[in-house]
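One structure is given below, encoded as structure tokens.
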Amino acid sequence: MALDKKLEVCLTPALIHLYDVEQYVVVIIDIFRATSSICYGIENGAEAIIPVAEVEECLAYKEKHPDYLLAAERNGEVVKGFDFGNSPFSYTAEKVSGKTVVLTTTNGTQALYLSRKAKQIAIGSFLNLTALCNWLKTTNENILLVCAGWKYNFNLEDTLFAGAVIEQLKGDGYRLDDPALAANDLFQLGKQDIKQYLKKTSHSERLKQLGIEEDIAFCLNIDTTTAIPVLDGNQLIKLAL
Ligand SMILES: O=C(O)[C@H](CS(=O)(=O)O)OP(=O)(O)O
Ligand SMILES: [Mg+2]
């Protein structure tokens, strides 16, 4: 089979300048917790989630749209005065159905901003893993998996998830780069028990100290949703299939 499409991994947003993102469908990955919460919110009927890089940008939206919900998180905590932060439990149908949410987080929304010129941007998490992969297979495009990492550094959970995506796509005519091969090798190490394997991550430790271990377990549930959030203009909406 001719390997005519690229399947690559950007291990941290600090490396995004190495890629010509316009040539790729980009998948943003921030397992703990931004992209898991976005997938859950869109699945639960949020009309749109508007990702912004800075807290101040959230506030500017509220002036024009008093009905929007404002979500802001920094260093794992809800920013004072905001409706909620980055916990998936804030994105239930009761809270977000029919609503537009403006969201800024420490890592995930930064990765999104830096990838904004991509051919198309989709949001990935363990929650929508198989739905995402099935759709990616139909795009017939080069794919770049962008790991949000932690403060521009590498992290295990986002890379392992990239490896899980590669597991479903490899063999479909993609040419993998070395980061993609490494991510898939990491997935082989952790796949028997992902929750156990990722217990050692520094982010699990941070969230545990904040008393939000349930968020970690929730973000590692596999295939509990099917919605694929995609960027349309400046907002994330459910991809119409
Ligand atoms: O809210 C989170 O889980 C993290 C916070 S941090 O990594 O501890 O700063 O933000 P995210 O943008 O979802 O990685
Ligand atoms: Mg994160």
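Following the order of the structure tokens, first chain is A, next is B, and so on, with residues numbered from 1 inside each chain and ligands from 1 in the order they appear.
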
Skipping near chain neighbours, those fewer than 4 positions away, what residues fall within 10 Å of Leu207 of chain A using only C-alpha atoms, listed as a short mmCIF file (atom, residue, chain, number, x, y, z; two decimals) with N, CA, C and O atoms, in the first residue's frame?
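Saved result, out_24.cif, follows:
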```
data_model
loop_
_atom_site.label_atom_id
_atom_site.label_comp_id
_atom_site.auth_asym_id
_atom_site.auth_seq_id
_atom_site.Cartn_x
_atom_site.Cartn_y
_atom_site.Cartn_z
N PHE A 32 -6.23 15.83 30.32
CA PHE A 32 -6.54 16.42 31.63
C PHE A 32 -6.46 17.94 31.48
O PHE A 32 -5.38 18.49 31.55
N ARG A 33 -7.58 18.69 31.28
CA ARG A 33 -8.89 18.17 31.15
C ARG A 33 -9.64 18.83 29.99
O ARG A 33 -10.79 18.49 29.72
N ASN A 75 -3.98 26.85 36.29
CA ASN A 75 -3.30 25.96 37.24
C ASN A 75 -4.28 25.04 37.97
O ASN A 75 -4.15 24.80 39.16
N GLY A 76 -5.27 24.58 37.23
CA GLY A 76 -6.19 23.59 37.78
C GLY A 76 -7.36 24.17 38.56
O GLY A 76 -8.25 23.43 38.95
N GLU A 77 -7.39 25.47 38.77
CA GLU A 77 -8.46 26.04 39.59
C GLU A 77 -9.34 26.99 38.77
O GLU A 77 -8.86 27.63 37.82
N SER A 202 2.39 13.63 36.32
CA SER A 202 2.46 14.77 37.24
C SER A 202 1.11 15.48 37.32
O SER A 202 0.74 16.03 38.35
N HIS A 203 0.34 15.41 36.22
CA HIS A 203 -0.95 16.10 36.28
C HIS A 203 -1.94 15.37 37.17
O HIS A 203 -2.74 16.02 37.86
N GLY A 211 -7.89 17.77 45.07
CA GLY A 211 -9.05 16.99 45.51
C GLY A 211 -10.01 16.66 44.37
O GLY A 211 -11.21 16.50 44.60
N ILE A 212 -9.51 16.58 43.15
CA ILE A 212 -10.42 16.31 42.03
C ILE A 212 -10.01 15.05 41.25
O ILE A 212 -9.97 15.03 40.03
N GLU A 213 -9.79 13.96 42.03
CA GLU A 213 -9.41 12.69 41.40
C GLU A 213 -10.51 12.16 40.49
O GLU A 213 -10.24 11.46 39.51
N GLU A 214 -11.80 12.48 40.81
CA GLU A 214 -12.90 11.96 39.97
C GLU A 214 -12.73 12.46 38.54
O GLU A 214 -13.13 11.80 37.59
N ASP A 215 -12.18 13.66 38.39
CA ASP A 215 -11.99 14.21 37.05
C ASP A 215 -11.03 13.33 36.25
O ASP A 215 -11.22 13.11 35.05
N ILE A 216 -9.99 12.83 36.93
CA ILE A 216 -8.99 12.01 36.23
C ILE A 216 -9.65 10.75 35.71
O ILE A 216 -9.53 10.41 34.53
#
```

Worksheet item: If you count only C-alpha atoms, which residues fall within 6 Å of Asn221 of chain A, apart from same-chain ones fewer than 2 positions away, as a PyMOL selection string?
Response: chain A and resi 127+218-219

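Put simply, atom CA of Lys238 of chain A is 13.6 Å away from atom CA of Ser37 of chain A.
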
Practice prompt. Please identify every polymer residue within 10 Å of ligand 1, using only C-alpha atoms and all ligand atoms, and present the set as a VMD selection string.
Written response: chain A and resid 29 to 38 72 to 78 85 to 88 103 to 111 147 to 151 155 158 202 to 207 210 212 215 to 216

Worksheet item: What does the distance between atom CA of Lys95 of chain A and atom CA of Phe82 of chain A come to in Å, to one decimal place?
Response: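 Atom-to-atom, atom CA of Lys95 of chain A and atom CA of Phe82 of chain A are spaced 13.9 Å apart.
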
Practice prompt. With a distance cut-off of 10 Å and only C-alpha atoms, select the neighbouring residues of Gln235 of chain A, excluding the residue or stretch itself and same-chain residues fewer than 3 positions from it, and output the selection as a list in words.
Written response: Glu47, Ala48, Ile49, Ile50, Pro51, Val52, Thr100, Val101, Val102, Pro229, Val230, Leu231 and Asp232 of chain A

Would you save the residues of that selection, restricted to N, CA, C and O atoms, as an mmCIF file, in the first residue's frame?
```cif
data_model
loop_
_atom_site.group_PDB
_atom_site.id
_atom_site.type_symbol
_atom_site.label_atom_id
_atom_site.label_comp_id
_atom_site.auth_asym_id
_atom_site.auth_seq_id
_atom_site.Cartn_x
_atom_site.Cartn_y
_atom_site.Cartn_z
ATOM 1 N N GLU A 47 -24.399 24.559 22.555
ATOM 2 C CA GLU A 47 -24.539 25.055 21.182
ATOM 3 C C GLU A 47 -23.163 25.297 20.574
ATOM 4 O O GLU A 47 -22.899 24.956 19.423
ATOM 5 N N ALA A 48 -22.288 25.881 21.379
ATOM 6 C CA ALA A 48 -20.920 26.160 20.917
ATOM 7 C C ALA A 48 -20.025 26.375 22.132
ATOM 8 O O ALA A 48 -20.501 26.771 23.200
ATOM 9 N N ILE A 49 -18.742 26.097 21.940
ATOM 10 C CA ILE A 49 -17.738 26.452 22.949
ATOM 11 C C ILE A 49 -16.708 27.322 22.241
ATOM 12 O O ILE A 49 -16.132 26.908 21.216
ATOM 13 N N ILE A 50 -16.539 28.524 22.740
ATOM 14 C CA ILE A 50 -15.607 29.455 22.102
ATOM 15 C C ILE A 50 -14.296 29.423 22.895
ATOM 16 O O ILE A 50 -14.254 29.853 24.056
ATOM 17 N N PRO A 51 -13.232 28.871 22.277
ATOM 18 C CA PRO A 51 -11.967 28.801 23.006
ATOM 19 C C PRO A 51 -11.210 30.120 22.866
ATOM 20 O O PRO A 51 -11.083 30.661 21.762
ATOM 21 N N VAL A 52 -10.735 30.655 23.970
ATOM 22 C CA VAL A 52 -9.923 31.883 23.900
ATOM 23 C C VAL A 52 -8.659 31.673 24.714
ATOM 24 O O VAL A 52 -8.641 30.884 25.666
ATOM 25 N N THR A 100 -23.977 28.724 24.942
ATOM 26 C CA THR A 100 -22.633 28.978 24.405
ATOM 27 C C THR A 100 -21.704 29.241 25.586
ATOM 28 O O THR A 100 -22.037 30.012 26.489
ATOM 29 N N VAL A 101 -20.570 28.550 25.575
ATOM 30 C CA VAL A 101 -19.592 28.675 26.661
ATOM 31 C C VAL A 101 -18.325 29.312 26.091
ATOM 32 O O VAL A 101 -17.840 28.884 25.037
ATOM 33 N N VAL A 102 -17.797 30.320 26.753
ATOM 34 C CA VAL A 102 -16.492 30.877 26.374
ATOM 35 C C VAL A 102 -15.478 30.292 27.344
ATOM 36 O O VAL A 102 -15.664 30.382 28.563
ATOM 37 N N PRO A 229 -16.190 17.577 18.233
ATOM 38 C CA PRO A 229 -16.178 19.034 18.167
ATOM 39 C C PRO A 229 -15.172 19.501 17.110
ATOM 40 O O PRO A 229 -14.049 18.990 17.036
ATOM 41 N N VAL A 230 -15.600 20.442 16.273
ATOM 42 C CA VAL A 230 -14.699 20.999 15.250
ATOM 43 C C VAL A 230 -14.770 22.519 15.312
ATOM 44 O O VAL A 230 -15.798 23.083 15.683
ATOM 45 N N LEU A 231 -13.668 23.137 14.924
ATOM 46 C CA LEU A 231 -13.635 24.604 14.945
ATOM 47 C C LEU A 231 -14.313 25.138 13.690
ATOM 48 O O LEU A 231 -13.962 24.773 12.567
ATOM 49 N N ASP A 232 -15.291 26.016 13.898
ATOM 50 C CA ASP A 232 -16.016 26.635 12.791
ATOM 51 C C ASP A 232 -15.944 28.133 13.052
ATOM 52 O O ASP A 232 -16.615 28.627 13.967
#
```

Worksheet item: Using the chain letters and numbers from this document, which residues of chain A does DSSP assign to alpha helix (DSSP H), as an MDAnalysis selection string?
Response: chainID A and resid 34:43 55:64 93:96 108:114 129:139 156:169 178:190 194:197 202:209 213:219

Worksheet item: Of the residues A:Leu156, A:Ile16, A:Ala53, A:Leu236, which is the one nearest to ligand 2, using only C-alpha atoms and all ligand atoms?
Response: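 Of A:Leu156, A:Ile16, A:Ala53, A:Leu236, the one nearest ligand 2 is A:Leu156, counting only C-alpha atoms and all ligand atoms.
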
Worksheet item: If you run DSSP on this backbone, which residues of segment 59-150 of chain A come out as strand (DSSP E), and could you give them as a ChimeraX atom specification?
Response: /A:69-74,77-78,100-104,120-124,142-147

Only N, CA, C and O atoms, please: the residues just picked out, written as a JSON list (two decimals), in the first residue's frame.
```
[["chain", "number", "residue", "atom", "x", "y", "z"],
["A", 69, "LEU", "N", -22.07, 31.58, 28.98],
["A", 69, "LEU", "CA", -21.42, 31.12, 30.21],
["A", 69, "LEU", "C", -19.92, 31.34, 30.06],
["A", 69, "LEU", "O", -19.36, 31.12, 28.98],
["A", 70, "LEU", "N", -19.28, 31.75, 31.13],
["A", 70, "LEU", "CA", -17.84, 32.00, 31.08],
["A", 70, "LEU", "C", -17.10, 30.95, 31.89],
["A", 70, "LEU", "O", -17.39, 30.75, 33.07],
["A", 71, "ALA", "N", -16.15, 30.28, 31.25],
["A", 71, "ALA", "CA", -15.38, 29.23, 31.93],
["A", 71, "ALA", "C", -13.90, 29.59, 31.84],
["A", 71, "ALA", "O", -13.37, 29.82, 30.74],
["A", 72, "ALA", "N", -13.24, 29.65, 32.99],
["A", 72, "ALA", "CA", -11.82, 29.98, 32.99],
["A", 72, "ALA", "C", -11.10, 29.18, 34.07],
["A", 72, "ALA", "O", -11.57, 29.09, 35.20],
["A", 73, "GLU", "N", -9.98, 28.61, 33.67],
["A", 73, "GLU", "CA", -9.17, 27.80, 34.60],
["A", 73, "GLU", "C", -7.72, 28.18, 34.43],
["A", 73, "GLU", "O", -7.25, 28.39, 33.31],
["A", 74, "ARG", "N", -7.02, 28.31, 35.56],
["A", 74, "ARG", "CA", -5.58, 28.48, 35.53],
["A", 74, "ARG", "C", -4.98, 27.63, 36.64],
["A", 74, "ARG", "O", -5.47, 27.66, 37.77],
["A", 77, "GLU", "N", -7.39, 25.47, 38.77],
["A", 77, "GLU", "CA", -8.46, 26.04, 39.59],
["A", 77, "GLU", "C", -9.34, 26.99, 38.77],
["A", 77, "GLU", "O", -8.86, 27.63, 37.82],
["A", 78, "VAL", "N", -10.61, 27.08, 39.20],
["A", 78, "VAL", "CA", -11.54, 28.01, 38.54],
["A", 78, "VAL", "C", -11.06, 29.44, 38.84],
["A", 78, "VAL", "O", -10.73, 29.76, 39.98],
["A", 100, "THR", "N", -23.98, 28.72, 24.94],
["A", 100, "THR", "CA", -22.63, 28.98, 24.41],
["A", 100, "THR", "C", -21.70, 29.24, 25.59],
["A", 100, "THR", "O", -22.04, 30.01, 26.49],
["A", 101, "VAL", "N", -20.57, 28.55, 25.57],
["A", 101, "VAL", "CA", -19.59, 28.67, 26.66],
["A", 101, "VAL", "C", -18.32, 29.31, 26.09],
["A", 101, "VAL", "O", -17.84, 28.88, 25.04],
["A", 102, "VAL", "N", -17.80, 30.32, 26.75],
["A", 102, "VAL", "CA", -16.49, 30.88, 26.37],
["A", 102, "VAL", "C", -15.48, 30.29, 27.34],
["A", 102, "VAL", "O", -15.66, 30.38, 28.56],
["A", 103, "LEU", "N", -14.42, 29.66, 26.81],
["A", 103, "LEU", "CA", -13.52, 28.87, 27.65],
["A", 103, "LEU", "C", -12.05, 29.25, 27.46],
["A", 103, "LEU", "O", -11.56, 29.33, 26.33],
["A", 104, "THR", "N", -11.35, 29.43, 28.58],
["A", 104, "THR", "CA", -9.89, 29.54, 28.52],
["A", 104, "THR", "C", -9.29, 28.61, 29.56],
["A", 104, "THR", "O", -9.80, 28.52, 30.68],
["A", 120, "GLN", "N", -8.28, 22.02, 9.06],
["A", 120, "GLN", "CA", -9.46, 21.81, 9.91],
["A", 120, "GLN", "C", -8.96, 21.43, 11.30],
["A", 120, "GLN", "O", -7.92, 20.78, 11.43],
["A", 121, "ILE", "N", -9.71, 21.85, 12.33],
["A", 121, "ILE", "CA", -9.32, 21.50, 13.71],
["A", 121, "ILE", "C", -10.44, 20.69, 14.33],
["A", 121, "ILE", "O", -11.61, 21.10, 14.32],
["A", 122, "ALA", "N", -10.07, 19.53, 14.89],
["A", 122, "ALA", "CA", -11.02, 18.70, 15.64],
["A", 122, "ALA", "C", -10.48, 18.49, 17.05],
["A", 122, "ALA", "O", -9.29, 18.67, 17.30],
["A", 123, "ILE", "N", -11.39, 18.10, 17.94],
["A", 123, "ILE", "CA", -11.03, 17.93, 19.35],
["A", 123, "ILE", "C", -11.11, 16.45, 19.70],
["A", 123, "ILE", "O", -12.13, 15.80, 19.45],
["A", 124, "GLY", "N", -10.03, 15.95, 20.32],
["A", 124, "GLY", "CA", -9.98, 14.53, 20.66],
["A", 124, "GLY", "C", -9.82, 14.29, 22.15],
["A", 124, "GLY", "O", -9.20, 15.09, 22.86],
["A", 142, "ASN", "N", -3.68, 14.67, 5.42],
["A", 142, "ASN", "CA", -2.59, 14.55, 6.39],
["A", 142, "ASN", "C", -3.15, 14.90, 7.76],
["A", 142, "ASN", "O", -3.96, 15.84, 7.88],
["A", 143, "ILE", "N", -2.70, 14.17, 8.78],
["A", 143, "ILE", "CA", -3.22, 14.39, 10.13],
["A", 143, "ILE", "C", -2.07, 14.74, 11.07],
["A", 143, "ILE", "O", -1.04, 14.06, 11.08],
["A", 144, "LEU", "N", -2.29, 15.79, 11.85],
["A", 144, "LEU", "CA", -1.31, 16.16, 12.88],
["A", 144, "LEU", "C", -2.02, 16.14, 14.23],
["A", 144, "LEU", "O", -3.03, 16.82, 14.44],
["A", 145, "LEU", "N", -1.49, 15.31, 15.14],
["A", 145, "LEU", "CA", -2.05, 15.20, 16.49],
["A", 145, "LEU", "C", -1.24, 16.15, 17.37],
["A", 145, "LEU", "O", -0.03, 15.94, 17.56],
["A", 146, "VAL", "N", -1.88, 17.19, 17.87],
["A", 146, "VAL", "CA", -1.17, 18.20, 18.66],
["A", 146, "VAL", "C", -1.44, 17.98, 20.15],
["A", 146, "VAL", "O", -2.58, 18.13, 20.62],
["A", 147, "CYS", "N", -0.41, 17.60, 20.87],
["A", 147, "CYS", "CA", -0.52, 17.38, 22.32],
["A", 147, "CYS", "C", -0.36, 18.72, 23.03],
["A", 147, "CYS", "O", 0.64, 19.41, 22.84]]
```

Discussion item. Excluding Leu3 of chain A and its own-chain neighbours fewer than 4 positions away, which residues fall within 6 Å of it when counting only C-alpha atoms? Please give them as JSON, numbers by chain.
Written reply: {"A": [173, 174, 175]}

Practice prompt. Grab the atom CA of Phe89 of chain A to atom CA of Ile228 of chain A distance for me, in Å with one decimal place.
Written response: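 Spanning atom CA of Phe89 of chain A to atom CA of Ile228 of chain A is a straight-line distance of 18.6 Å.
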
Worksheet entry | Within 7 Å of Val21 of chain A using only C-alpha atoms, minus same-chain residues under 5 positions, as a ChimeraX atom specification | /A:115,117-118

Practice prompt. Would you please work out which residue, of A:Asn153, A:Asn44, A:Asn128, A:Ser97, is nearest to ligand 2 when using only C-alpha atoms and all ligand atoms?
Written response: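 Of the candidates, the smallest distance to ligand 2 is held by A:Asn153.
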